[in-house]
file data_6.txt (compact mmCIF, C-alpha atoms and all ligand atoms)
# COMPACT_ATOMS: atom_id res chain seq x y z
CA MET A 971 33.74 186.55 262.10
CA ASN A 972 32.75 183.88 264.62
CA ASP A 973 29.54 183.47 262.74
CA ILE A 974 31.32 182.90 259.41
CA ILE A 975 33.64 180.33 261.02
CA SER A 976 30.65 178.51 262.42
CA ILE A 977 29.19 178.45 258.88
CA VAL A 978 32.49 177.07 257.52
CA ASN A 979 32.18 174.35 260.15
CA GLN A 980 28.92 173.14 258.66
CA PHE A 981 30.69 171.82 255.55
CA ASP A 982 32.52 168.57 255.14
CA PHE A 983 35.91 170.21 254.50
CA LYS A 984 39.05 168.16 255.12
CA GLY A 985 41.92 169.17 257.45
CA ASN A 986 42.40 171.92 260.03
CA PHE A 987 40.78 175.29 259.48
CA LYS A 988 43.29 178.05 258.74
CA GLU A 989 41.43 181.12 257.48
CA VAL A 990 38.41 182.54 255.65
CA LYS A 991 38.33 185.80 253.67
CA GLU A 992 36.11 187.50 251.12
CA PHE A 993 37.26 187.42 247.51
CA GLY A 994 36.10 187.44 243.86
CA SER A 995 34.45 190.09 241.73
CA GLY A 996 31.00 188.75 240.87
CA HIS A 997 27.94 191.02 241.00
CA ILE A 998 25.58 188.56 242.66
CA ASN A 999 26.78 186.20 245.39
CA LYS A 1000 29.02 186.85 248.39
CA THR A 1001 32.14 184.75 247.86
CA TYR A 1002 34.69 183.57 250.47
CA LEU A 1003 38.00 181.79 250.09
CA VAL A 1004 38.42 179.20 252.84
CA THR A 1005 41.80 177.60 253.57
CA PHE A 1006 42.43 174.35 255.43
CA GLU A 1007 45.74 172.70 256.35
CA THR A 1008 46.02 169.05 255.42
CA GLU A 1009 48.79 166.44 255.50
CA ASN A 1010 49.42 167.23 251.83
CA GLY A 1011 49.62 170.99 252.30
CA GLU A 1012 46.92 173.65 251.97
CA GLN A 1013 43.50 172.86 250.56
CA LYS A 1014 41.41 175.83 249.45
CA TYR A 1015 37.64 175.96 249.09
CA VAL A 1016 35.16 178.54 247.85
CA MET A 1017 32.14 179.16 250.06
CA GLN A 1018 29.30 181.37 248.85
CA LYS A 1019 26.33 183.04 250.40
CA VAL A 1020 23.78 182.63 247.63
CA ASN A 1021 21.86 185.78 246.75
CA ASP A 1022 18.29 184.75 247.55
CA ASN A 1023 16.85 187.95 246.16
CA VAL A 1024 18.10 186.77 242.76
CA PHE A 1025 17.66 183.00 243.16
CA LYS A 1026 14.23 182.25 244.59
CA ASN A 1027 14.48 178.47 244.74
CA ILE A 1028 17.80 177.37 246.20
CA ASP A 1029 16.75 173.73 246.38
CA GLU A 1030 16.19 173.51 242.62
CA LEU A 1031 19.23 175.65 241.89
CA MET A 1032 21.51 173.31 243.83
CA ARG A 1033 19.87 170.27 242.25
CA ASN A 1034 20.69 171.73 238.81
CA VAL A 1035 24.34 172.40 239.62
CA PHE A 1036 24.90 169.04 241.29
CA SER A 1037 23.39 167.15 238.39
CA VAL A 1038 25.27 169.14 235.72
CA THR A 1039 28.63 168.83 237.50
CA SER A 1040 28.26 165.12 238.22
CA TYR A 1041 27.39 164.56 234.54
CA LEU A 1042 30.44 166.58 233.48
CA ARG A 1043 32.69 164.68 235.89
CA GLY A 1044 31.68 161.43 234.17
CA ILE A 1045 32.55 162.79 230.72
CA ILE A 1046 35.83 164.33 231.89
CA LYS A 1047 36.89 161.03 233.51
CA GLY A 1048 35.95 159.28 230.27
CA TYR A 1049 38.44 161.28 228.19
CA GLY A 1050 41.15 161.02 230.86
CA GLY A 1051 40.85 164.60 232.15
CA ASP A 1052 41.09 165.83 235.75
CA PRO A 1053 37.51 166.22 237.02
CA ASP A 1054 38.62 168.10 240.15
CA ARG A 1055 40.11 170.81 238.00
CA GLU A 1056 37.94 170.83 234.90
CA THR A 1057 34.58 171.19 236.59
CA LEU A 1058 33.33 172.46 239.94
CA HIS A 1059 33.34 169.93 242.75
CA TYR A 1060 30.66 170.81 245.28
CA ILE A 1061 31.07 169.86 248.94
CA LYS A 1062 28.01 168.81 250.91
CA THR A 1063 27.36 169.81 254.51
CA LYS A 1064 28.39 167.41 257.27
CA ASP A 1065 24.81 166.19 257.47
CA GLY A 1066 24.68 165.47 253.74
CA HIS A 1067 22.81 168.48 252.33
CA ARG A 1068 23.71 170.31 249.14
CA PHE A 1069 23.62 173.66 250.94
CA TYR A 1070 23.44 175.04 254.47
CA THR A 1071 20.49 177.07 255.73
CA HIS A 1072 21.59 179.56 258.39
CA SER A 1073 19.35 180.49 261.32
CA ASP A 1074 18.91 183.97 259.77
CA GLY A 1075 17.37 182.32 256.68
CA SER A 1076 20.37 182.79 254.36
CA PHE A 1077 21.88 179.99 252.24
CA TYR A 1078 25.48 178.89 251.82
CA ARG A 1079 27.14 176.37 249.52
CA ALA A 1080 30.74 175.33 248.92
CA TYR A 1081 33.09 173.81 246.38
CA ILE A 1082 36.75 173.11 245.84
CA PHE A 1083 38.82 176.12 244.73
CA VAL A 1084 40.16 175.30 241.29
CA ARG A 1085 43.84 174.60 242.04
CA ASP A 1086 46.46 177.03 240.65
CA SER A 1087 43.87 179.09 238.81
CA ILE A 1088 43.13 182.78 238.28
CA SER A 1089 40.30 184.70 236.63
CA PHE A 1090 40.49 187.86 234.51
CA ASN A 1091 38.22 190.89 234.43
CA THR A 1092 39.66 191.99 231.09
CA ALA A 1093 41.38 189.87 228.44
CA ASP A 1094 45.04 190.88 228.09
CA SER A 1095 45.19 189.61 224.52
CA PRO A 1096 42.95 188.14 221.82
CA GLU A 1097 44.57 184.73 222.56
CA VAL A 1098 43.34 184.78 226.17
CA PHE A 1099 39.86 185.70 224.98
CA LYS A 1100 39.92 183.01 222.29
CA SER A 1101 40.80 180.46 224.95
CA SER A 1102 37.72 181.49 226.99
CA GLY A 1103 35.66 181.01 223.81
CA GLN A 1104 36.98 177.47 223.54
CA ALA A 1105 36.11 176.84 227.20
CA PHE A 1106 32.52 178.05 226.89
CA GLY A 1107 32.13 176.30 223.52
CA LYS A 1108 33.43 173.06 224.99
CA PHE A 1109 31.09 173.45 228.00
CA GLN A 1110 28.16 173.61 225.58
CA ARG A 1111 29.44 170.69 223.52
CA LEU A 1112 29.96 168.43 226.55
CA LEU A 1113 26.40 169.13 227.68
CA ALA A 1114 24.87 168.53 224.23
CA ASP A 1115 23.28 165.22 225.31
CA PHE A 1116 22.34 166.27 228.83
CA ASP A 1117 18.57 166.09 229.33
CA VAL A 1118 17.57 169.73 228.96
CA ASP A 1119 14.09 169.10 230.39
CA SER A 1120 15.55 167.93 233.70
CA LEU A 1121 16.87 171.44 234.41
CA THR A 1122 14.84 174.03 236.26
CA GLU A 1123 14.85 177.61 235.02
CA THR A 1124 16.64 179.21 237.97
CA ILE A 1125 15.69 182.69 236.76
CA PRO A 1126 12.65 182.62 234.46
CA HIS A 1127 12.87 184.76 231.28
CA PHE A 1128 16.57 185.33 231.98
CA HIS A 1129 17.50 186.21 228.39
CA ASP A 1130 14.04 187.05 227.10
CA THR A 1131 14.96 190.64 226.32
CA LEU A 1132 11.50 191.68 225.15
CA TRP A 1133 9.90 190.16 228.27
CA ARG A 1134 12.33 192.08 230.45
CA TYR A 1135 11.56 195.27 228.52
CA GLU A 1136 7.81 194.92 228.92
CA ASN A 1137 7.70 193.44 232.41
CA GLU A 1138 10.66 194.99 234.18
CA PHE A 1139 12.03 198.02 232.33
CA LEU A 1140 8.82 199.86 231.34
CA PRO A 1141 7.17 199.26 234.76
CA ALA A 1142 10.34 200.52 236.51
CA VAL A 1143 10.23 203.69 234.40
CA GLU A 1144 6.52 204.06 235.15
CA LYS A 1145 6.98 203.66 238.94
CA ASN A 1146 10.29 205.54 239.28
CA LEU A 1147 10.78 204.10 242.78
CA SER A 1148 14.15 205.77 243.34
CA GLY A 1149 13.05 209.15 242.01
CA ARG A 1150 16.08 209.04 239.68
CA LEU A 1151 14.23 209.06 236.38
CA ASP A 1152 14.99 212.69 235.60
CA THR A 1153 18.72 211.86 235.66
CA CYS A 1154 18.44 209.21 232.93
CA ILE A 1155 15.79 210.35 230.43
CA ALA A 1156 18.19 210.13 227.46
CA GLU A 1157 19.28 206.59 228.40
CA VAL A 1158 15.65 205.46 228.76
CA GLU A 1159 14.85 206.83 225.29
CA ASP A 1160 17.95 205.14 223.91
CA VAL A 1161 16.83 201.73 225.20
CA LYS A 1162 13.29 202.32 223.88
CA SER A 1163 14.69 203.06 220.41
CA TYR A 1164 15.89 199.44 220.24
CA ALA A 1165 12.57 197.85 221.28
CA ASP A 1166 11.86 196.57 217.76
CA CYS A 1167 14.75 194.10 217.71
CA MET A 1168 14.30 192.72 221.24
CA GLY A 1169 12.00 189.85 220.31
CA ARG A 1170 13.95 188.60 217.28
CA LEU A 1171 15.53 185.51 218.85
CA THR A 1172 12.57 184.52 221.01
CA SER A 1173 10.26 184.59 218.01
CA MET A 1174 12.71 182.29 216.19
CA ILE A 1175 12.41 179.87 219.13
CA GLU A 1176 8.64 179.87 218.66
CA THR A 1177 8.94 179.12 214.95
CA GLY A 1178 11.40 176.30 215.69
CA GLU A 1179 14.25 177.95 213.79
CA LEU A 1180 16.48 178.19 216.88
CA PRO A 1181 16.96 175.05 219.03
CA ILE A 1182 16.92 175.07 222.82
CA ARG A 1183 20.16 173.72 224.28
CA VAL A 1184 21.75 173.42 227.71
CA THR A 1185 23.55 176.73 228.04
CA HIS A 1186 25.53 178.62 230.67
CA ASN A 1187 23.80 181.98 230.22
CA ASP A 1188 26.37 184.06 232.13
CA THR A 1189 29.51 183.72 230.03
CA LYS A 1190 31.50 186.62 231.43
CA LEU A 1191 35.24 186.30 231.16
CA ASN A 1192 35.52 186.15 234.96
CA ASN A 1193 33.28 183.10 235.00
CA VAL A 1194 36.06 180.94 233.60
CA MET A 1195 39.24 180.02 235.47
CA PHE A 1196 42.66 180.01 233.74
CA ASP A 1197 45.78 178.11 234.74
CA LYS A 1198 47.94 180.67 236.55
CA ASP A 1199 51.09 179.60 234.68
CA THR A 1200 50.05 178.49 231.21
CA LYS A 1201 47.05 180.89 230.94
CA GLU A 1202 45.05 178.05 229.38
CA CYS A 1203 41.40 177.80 230.43
CA VAL A 1204 40.78 175.08 232.96
CA CYS A 1205 37.24 175.38 234.22
CA VAL A 1206 33.92 177.12 233.63
CA ILE A 1207 32.43 178.36 236.92
CA ASP A 1208 29.34 180.27 238.15
CA LEU A 1209 26.87 177.58 237.14
CA ASP A 1210 23.79 179.16 238.75
CA THR A 1211 22.23 180.07 235.43
CA VAL A 1212 22.95 176.80 233.59
CA MET A 1213 19.51 176.10 232.14
CA PRO A 1214 17.66 175.72 228.86
CA GLY A 1215 18.71 178.54 226.52
CA LEU A 1216 20.19 179.47 223.16
CA ALA A 1217 23.79 178.92 222.09
CA LEU A 1218 23.56 182.53 220.94
CA TYR A 1219 23.07 183.80 224.49
CA ASP A 1220 26.41 182.31 225.51
CA PHE A 1221 28.18 183.70 222.48
CA GLY A 1222 26.65 187.17 222.72
CA ASP A 1223 27.17 187.62 226.44
CA SER A 1224 30.87 186.78 226.18
CA ILE A 1225 31.36 189.36 223.44
CA ARG A 1226 29.51 191.97 225.48
CA PHE A 1227 31.96 191.68 228.34
CA GLY A 1228 35.24 190.50 226.85
CA ALA A 1229 35.40 192.16 223.43
CA SER A 1230 34.95 195.63 224.86
CA THR A 1231 38.07 197.80 224.88
CA ALA A 1232 37.18 198.93 228.42
CA SER A 1233 35.69 197.38 231.54
CA GLU A 1234 31.96 197.28 232.15
CA ASP A 1235 32.40 200.00 234.81
CA GLU A 1236 34.36 202.46 232.65
CA ALA A 1237 32.77 205.91 232.88
CA ASP A 1238 34.86 207.49 230.10
CA LEU A 1239 32.83 206.41 227.09
CA SER A 1240 35.55 207.44 224.65
CA LYS A 1241 37.41 204.33 225.84
CA VAL A 1242 34.49 201.98 225.16
CA GLU A 1243 34.40 200.20 221.82
CA MET A 1244 33.87 196.69 220.51
CA SER A 1245 37.14 195.30 219.23
CA LEU A 1246 36.74 193.42 215.95
CA ASP A 1247 39.99 191.54 216.65
CA TYR A 1248 38.65 190.28 219.97
CA PHE A 1249 35.30 189.48 218.35
CA LYS A 1250 37.05 187.37 215.72
CA ALA A 1251 39.28 185.63 218.27
CA TYR A 1252 36.35 184.64 220.48
CA ALA A 1253 34.24 183.50 217.53
CA GLU A 1254 37.08 181.26 216.33
CA GLY A 1255 37.51 179.73 219.78
CA PHE A 1256 33.81 179.25 220.50
CA LEU A 1257 32.91 177.89 217.07
CA SER A 1258 35.86 175.49 217.01
CA GLU A 1259 34.23 173.68 219.95
CA ALA A 1260 30.50 174.25 219.61
CA GLY A 1261 30.02 175.34 215.99
CA GLU A 1262 29.65 171.95 214.38
CA ALA A 1263 26.25 171.48 216.03
CA PHE A 1264 24.90 174.87 214.89
CA ASN A 1265 22.19 175.26 212.28
CA GLN A 1266 22.18 178.08 209.73
CA ALA A 1267 19.88 180.31 211.80
CA GLU A 1268 22.26 180.11 214.74
CA LYS A 1269 25.23 180.99 212.56
CA ASP A 1270 23.33 183.85 210.92
CA ASN A 1271 22.50 185.45 214.28
CA LEU A 1272 25.84 185.24 216.07
CA ALA A 1273 26.78 188.86 215.38
CA PHE A 1274 23.29 190.10 216.26
CA SER A 1275 23.32 188.12 219.53
CA ALA A 1276 26.27 190.21 220.74
CA LEU A 1277 24.27 193.39 220.23
CA LEU A 1278 21.17 191.90 221.84
CA MET A 1279 22.95 190.62 224.96
CA THR A 1280 24.68 194.00 225.39
CA LEU A 1281 21.41 195.85 224.96
CA GLU A 1282 19.72 193.52 227.47
CA CYS A 1283 22.46 194.01 230.03
CA GLY A 1284 22.46 197.79 229.57
CA MET A 1285 18.69 197.78 230.04
CA ARG A 1286 19.03 195.63 233.20
CA PHE A 1287 21.61 198.02 234.71
CA LEU A 1288 19.34 200.96 233.89
CA THR A 1289 16.30 199.19 235.34
CA ASP A 1290 18.25 198.53 238.55
CA TYR A 1291 19.38 202.17 238.73
CA ILE A 1292 15.77 203.34 238.39
CA ASN A 1293 14.60 200.81 240.98
CA GLY A 1294 17.21 202.01 243.49
CA ASP A 1295 19.97 199.36 243.13
CA THR A 1296 18.22 196.28 244.44
CA TYR A 1297 19.79 193.61 242.16
CA PHE A 1298 23.46 194.13 241.20
CA LYS A 1299 26.20 194.87 243.74
CA THR A 1300 27.19 198.54 243.41
CA ALA A 1301 30.11 200.53 244.83
CA TYR A 1302 28.64 204.06 244.53
CA PRO A 1303 25.20 205.58 243.79
CA GLU A 1304 25.58 206.12 240.00
CA HIS A 1305 27.35 202.80 239.41
CA ASN A 1306 24.46 201.15 237.59
CA LEU A 1307 23.89 204.26 235.46
CA VAL A 1308 27.57 204.32 234.49
CA ARG A 1309 27.35 200.64 233.55
CA ALA A 1310 24.16 201.23 231.56
CA ARG A 1311 25.74 204.10 229.58
CA ASN A 1312 28.81 201.97 228.98
CA GLN A 1313 26.74 199.09 227.60
CA MET A 1314 24.63 201.38 225.40
CA LYS A 1315 27.80 202.92 223.96
CA LEU A 1316 28.87 199.38 223.01
CA VAL A 1317 25.45 198.69 221.48
CA HIS A 1318 25.80 201.70 219.19
CA ASP A 1319 29.33 200.68 218.26
CA MET A 1320 28.19 197.14 217.44
CA ASP A 1321 25.31 198.53 215.43
CA GLU A 1322 27.81 200.45 213.28
CA LYS A 1323 30.12 197.45 212.95
CA MET A 1324 27.38 194.87 212.33
CA SER A 1325 28.21 194.16 208.68
CA GLU A 1326 31.90 193.71 209.53
CA MET A 1327 31.00 191.36 212.40
CA GLU A 1328 28.77 189.34 210.06
CA GLU A 1329 31.55 189.19 207.50
CA ILE A 1330 33.98 187.84 210.14
CA ILE A 1331 31.54 185.07 211.04
CA ARG A 1332 31.02 184.13 207.38
CA ASN A 1333 34.77 183.83 206.92
CA ILE A 1334 35.29 181.48 209.87
P1 LIG B 1401 28.89 185.62 241.20
O1 LIG B 1401 27.59 184.97 240.90
O2 LIG B 1401 28.79 186.61 242.30
O3 LIG B 1401 29.49 186.17 239.96
P2 LIG B 1401 30.92 183.53 241.03
O4 LIG B 1401 30.54 182.11 241.27
O5 LIG B 1401 31.18 183.94 239.65
O6 LIG B 1401 29.85 184.47 241.75
O7 LIG B 1401 32.24 183.79 241.91
C1 LIG B 1401 32.81 185.09 242.04
C2 LIG B 1401 34.29 185.05 241.72
O8 LIG B 1401 34.99 184.16 242.64
C3 LIG B 1401 34.66 184.50 240.35
O9 LIG B 1401 34.57 185.51 239.37
C4 LIG B 1401 36.07 183.97 240.56
O10 LIG B 1401 37.02 185.02 240.46
C5 LIG B 1401 36.06 183.46 242.00
N1 LIG B 1401 35.80 181.99 242.07
C6 LIG B 1401 34.59 181.44 242.14
N2 LIG B 1401 34.66 180.09 242.15
C7 LIG B 1401 35.97 179.75 242.07
C8 LIG B 1401 36.70 178.52 242.06
N3 LIG B 1401 36.12 177.32 242.13
N4 LIG B 1401 38.05 178.55 241.98
C9 LIG B 1401 38.66 179.74 241.92
N5 LIG B 1401 38.03 180.94 241.95
C10 LIG B 1401 36.70 180.97 242.01
C1 LIG B 1402 25.93 189.12 236.77
O1 LIG B 1402 27.14 186.96 238.66
P1 LIG B 1402 27.97 187.62 237.63
O2 LIG B 1402 28.67 188.82 238.15
O3 LIG B 1402 28.88 186.61 236.98
C2 LIG B 1402 24.59 188.67 236.18
C3 LIG B 1402 24.72 188.56 234.65
C4 LIG B 1402 25.12 189.91 234.08
C5 LIG B 1402 26.43 190.34 234.73
C6 LIG B 1402 26.84 191.72 234.29
C7 LIG B 1402 22.67 185.87 237.78
O4 LIG B 1402 26.92 188.13 236.52
O5 LIG B 1402 23.47 188.18 234.10
O6 LIG B 1402 25.29 189.82 232.68
O7 LIG B 1402 26.31 190.35 236.18
N1 LIG B 1402 24.19 187.38 236.75
C8 LIG B 1402 22.95 187.18 237.18
O8 LIG B 1402 28.16 191.92 234.62
O9 LIG B 1402 22.06 188.02 237.08
MG MG B 1403 30.28 185.28 238.32
call {"tool": "encode", "arguments": {"input": "data_6.txt", "output": "structure tokens"}}
result
Amino acid sequence: MNDIISIVNQFDFKGNFKEVKEFGSGHINKTYLVTFETENGEQKYVMQKVNDNVFKNIDELMRNVFSVTSYLRGIIKGYGGDPDRETLHYIKTKDGHRFYTHSDGSFYRAYIFVRDSISFNTADSPEVFKSSGQAFGKFQRLLADFDVDSLTETIPHFHDTLWRYENEFLPAVEKNLSGRLDTCIAEVEDVKSYADCMGRLTSMIETGELPIRVTHNDTKLNNVMFDKDTKECVCVIDLDTVMPGLALYDFGDSIRFGASTASEDEADLSKVEMSLDYFKAYAEGFLSEAGEAFNQAEKDNLAFSALLMTLECGMRFLTDYINGDTYFKTAYPEHNLVRARNQMKLVHDMDEKMSEMEEIIRNI
């Protein structure tokens, strides 16, 4: 505890320290809510221990997020919005650094807690989900003229599904480091049966059919904050994977998480389906903000991108299970296997519903 307070003290927070506690439900970083008392009442901040097993170059990562957020602040001010609420506001350390390096080698960074906001792990209604689609679509639209080449790839090959299959999944199966392979033979075969479609989008990048844009790349519903009263989206968060990518990655990853009728951790597969109503709602929201810039190839692959991102995530959970849980936070030993099965159930459901999904997109 003393140690965490001494870390809080490294940042240029305003007021008198009140408390620090763990919060949030992300799979990667360790997140703390820090409260200070000021003359104008309480001021809350988010402080995070960055997962340095996942992010290998913290310097470049923090350069990316500072440059993206300061660019967004300029645009938000320009249209008369509230930059402290509509984008993350990072706080430097007292000696002016973008992050703090602890004596044990770990890294911390901080930003202002988005005032009066909440996040959701499941969308209560299609309207809530549609609103998150607008938020992620708007995020992409506002960054349309940001210099994509100035961004570092914080995790190389992040959404290159075929690369992950060949360089992470198959080697994990081959090595079987955890000795768990015999408990997931059917799931491994299931992933392998989809190998043929894994390179579809990356090969369309090579042919120039799909344009590289500045994208978020981790568009889970809980990576957007909603106003606690109006339930309108206020701010896109978790900017660690903002880097060059495809608009389709952002669309597909949102559907994977938010259009499922159950949570990502649900073990009862009979509850897991892709809701066409939620799919339609998100597509309407996302396309209303970002769609005007899309070319025909992007539009034609929206439905497929949902299947691909779900397949990729299922494969990543399975890879982590076989490797012995070294990447995602887990709460019990089979957690990653449960998540992998859950995602593969969704993949099959999307496969069956693909023509209906495509029809929905054509009608929007
Ligand atoms: P991770 O990479 O582990 O997913 P996130 O940056 O997404 O980390 O943060 C984890 C959770 O903490 C979020 O899902 C959200 O609930 C909460 N959170 C993060 N940043 C803020 C913020 N600025 N304001 C309010 N809540 C936040
Ligand atoms: C991770 O950090 P979080 O929980 O928002 C992961 C995503 C996965 C997601 C699965 C940097 O997202 O890629 O899709 O878990 N983020 C990273 O829930 O790997
Ligand atoms: Mg997150």
call {"tool": "residues_around", "arguments": {"input": "data_6.txt", "residues": "stretch 1057-1071 of chain A", "least_positions_apart": "2", "cutoff": "9 Å", "atoms": "all atoms listed in the file", "output": "PDB file with C-alpha atoms, in the coordinates of the input"}}
result
ATOM      1  CA  ILE A 977      29.190 178.450 258.880  1.00  0.00           C
ATOM      2  CA  ASN A 979      32.180 174.350 260.150  1.00  0.00           C
ATOM      3  CA  GLN A 980      28.920 173.140 258.660  1.00  0.00           C
ATOM      4  CA  PHE A 981      30.690 171.820 255.550  1.00  0.00           C
ATOM      5  CA  ASP A 982      32.520 168.570 255.140  1.00  0.00           C
ATOM      6  CA  PHE A 983      35.910 170.210 254.500  1.00  0.00           C
ATOM      7  CA  TYR A1015      37.640 175.960 249.090  1.00  0.00           C
ATOM      8  CA  ILE A1028      17.800 177.370 246.200  1.00  0.00           C
ATOM      9  CA  ASP A1029      16.750 173.730 246.380  1.00  0.00           C
ATOM     10  CA  MET A1032      21.510 173.310 243.830  1.00  0.00           C
ATOM     11  CA  ARG A1033      19.870 170.270 242.250  1.00  0.00           C
ATOM     12  CA  VAL A1035      24.340 172.400 239.620  1.00  0.00           C
ATOM     13  CA  PHE A1036      24.900 169.040 241.290  1.00  0.00           C
ATOM     14  CA  THR A1039      28.630 168.830 237.500  1.00  0.00           C
ATOM     15  CA  SER A1040      28.260 165.120 238.220  1.00  0.00           C
ATOM     16  CA  LEU A1042      30.440 166.580 233.480  1.00  0.00           C
ATOM     17  CA  ARG A1043      32.690 164.680 235.890  1.00  0.00           C
ATOM     18  CA  ILE A1046      35.830 164.330 231.890  1.00  0.00           C
ATOM     19  CA  ASP A1052      41.090 165.830 235.750  1.00  0.00           C
ATOM     20  CA  PRO A1053      37.510 166.220 237.020  1.00  0.00           C
ATOM     21  CA  ASP A1054      38.620 168.100 240.150  1.00  0.00           C
ATOM     22  CA  ARG A1055      40.110 170.810 238.000  1.00  0.00           C
ATOM     23  CA  SER A1073      19.350 180.490 261.320  1.00  0.00           C
ATOM     24  CA  ASP A1074      18.910 183.970 259.770  1.00  0.00           C
ATOM     25  CA  GLY A1075      17.370 182.320 256.680  1.00  0.00           C
ATOM     26  CA  SER A1076      20.370 182.790 254.360  1.00  0.00           C
ATOM     27  CA  PHE A1077      21.880 179.990 252.240  1.00  0.00           C
ATOM     28  CA  TYR A1078      25.480 178.890 251.820  1.00  0.00           C
ATOM     29  CA  ARG A1079      27.140 176.370 249.520  1.00  0.00           C
ATOM     30  CA  ALA A1080      30.740 175.330 248.920  1.00  0.00           C
ATOM     31  CA  TYR A1081      33.090 173.810 246.380  1.00  0.00           C
ATOM     32  CA  ILE A1082      36.750 173.110 245.840  1.00  0.00           C
ATOM     33  CA  PHE A1083      38.820 176.120 244.730  1.00  0.00           C
ATOM     34  CA  VAL A1084      40.160 175.300 241.290  1.00  0.00           C
ATOM     35  CA  VAL A1204      40.780 175.080 232.960  1.00  0.00           C
ATOM     36  CA  CYS A1205      37.240 175.380 234.220  1.00  0.00           C
ATOM     37  CA  VAL A1206      33.920 177.120 233.630  1.00  0.00           C
ATOM     38  CA  ILE A1207      32.430 178.360 236.920  1.00  0.00           C
ATOM     39  CA  ASP A1208      29.340 180.270 238.150  1.00  0.00           C
ATOM     40  CA  LEU A1209      26.870 177.580 237.140  1.00  0.00           C
TER      41      LEU A1209
END
call {"tool": "residues_around", "arguments": {"input": "data_6.txt", "residues": "A:Gly1103", "least_positions_apart": "4", "cutoff": "9 Å", "atoms": "only C-alpha atoms", "output": "PyMOL selection string"}}
result
chain A and resi 1098-1099+1107-1108+1221+1224+1251-1259
call {"tool": "residues_near_ligand", "arguments": {"input": "data_6.txt", "ligand": "ligand LIG 1402 (chain B)", "cutoff": "8 Å", "atoms": "all atoms listed in the file", "output": "PyMOL selection string"}}
result
chain A and resi 995-999+1024-1025+1125+1128+1187-1190+1192-1193+1208+1210-1211+1223+1227+1234+1283+1297-1298
call {"tool": "residues_around", "arguments": {"input": "data_6.txt", "residues": "A:Val990", "least_positions_apart": "2", "cutoff": "7 Å", "atoms": "all atoms listed in the file", "output": "PyMOL selection string"}}
result
chain A and resi 1002-1005
call {"tool": "residues_near_point", "arguments": {"input": "data_6.txt", "point": "(14.2, 183.5, 233.9)", "cutoff": "12 Å", "atoms": "all atoms listed in the file", "output": "list of chain:residue names"}}
result
A:Val1024, A:Phe1025, A:Lys1026, A:Asn1027, A:Thr1122, A:Glu1123, A:Thr1124, A:Ile1125, A:Pro1126, A:His1127, A:Phe1128, A:His1129, A:Asp1130, A:Thr1131, A:Trp1133, A:Arg1134, A:Asn1137, A:Asn1187, A:Asp1210, A:Thr1211, A:Val1212, A:Met1213, A:Pro1214, A:Gly1215
call {"tool": "closest_residue", "arguments": {"input": "data_6.txt", "among": "A:Lys1000, A:Lys1323, A:Arg1150, A:Lys1269", "to": "ligand MG 1403 (chain B)", "atoms": "all atoms listed in the file"}}
result
A:Lys1000
call {"tool": "closest_residue", "arguments": {"input": "data_6.txt", "among": "A:Glu1007, A:His1072, A:Val1194, A:Met1174", "to": "ligand LIG 1401 (chain B)", "atoms": "only C-alpha atoms and all ligand atoms"}}
result
A:Val1194
call {"tool": "residues_around", "arguments": {"input": "data_6.txt", "residues": "A:Tyr1164", "least_positions_apart": "6", "cutoff": "12 Å", "atoms": "all atoms listed in the file", "output": "PDB file with C-alpha atoms, in the coordinates of the input"}}
result
ATOM      1  CA  THR A1131      14.960 190.640 226.320  1.00  0.00           C
ATOM      2  CA  LEU A1132      11.500 191.680 225.150  1.00  0.00           C
ATOM      3  CA  TYR A1135      11.560 195.270 228.520  1.00  0.00           C
ATOM      4  CA  GLU A1157      19.280 206.590 228.400  1.00  0.00           C
ATOM      5  CA  VAL A1158      15.650 205.460 228.760  1.00  0.00           C
ATOM      6  CA  ARG A1170      13.950 188.600 217.280  1.00  0.00           C
ATOM      7  CA  LEU A1277      24.270 193.390 220.230  1.00  0.00           C
ATOM      8  CA  LEU A1278      21.170 191.900 221.840  1.00  0.00           C
ATOM      9  CA  THR A1280      24.680 194.000 225.390  1.00  0.00           C
ATOM     10  CA  LEU A1281      21.410 195.850 224.960  1.00  0.00           C
ATOM     11  CA  GLU A1282      19.720 193.520 227.470  1.00  0.00           C
ATOM     12  CA  GLY A1284      22.460 197.790 229.570  1.00  0.00           C
ATOM     13  CA  MET A1285      18.690 197.780 230.040  1.00  0.00           C
ATOM     14  CA  MET A1314      24.630 201.380 225.400  1.00  0.00           C
ATOM     15  CA  VAL A1317      25.450 198.690 221.480  1.00  0.00           C
ATOM     16  CA  HIS A1318      25.800 201.700 219.190  1.00  0.00           C
ATOM     17  CA  ASP A1321      25.310 198.530 215.430  1.00  0.00           C
TER      18      ASP A1321
END
call {"tool": "atom_distance", "arguments": {"input": "data_6.txt", "atom1": "atom O3 of ligand LIG 1401 (chain B)", "atom2": "atom CA of A:Asn1091"}}
result
11.4 Å
call {"tool": "atom_distance", "arguments": {"input": "data_6.txt", "atom1": "atom CA of A:Ala1165", "atom2": "atom CA of A:Leu1180"}}
result
20.5 Å
call {"tool": "closest_residue", "arguments": {"input": "data_6.txt", "among": "A:Met1324, A:Met1195, A:Val1242, A:Ala1267", "to": "A:Asn1312", "atoms": "only C-alpha atoms"}}
result
A:Val1242
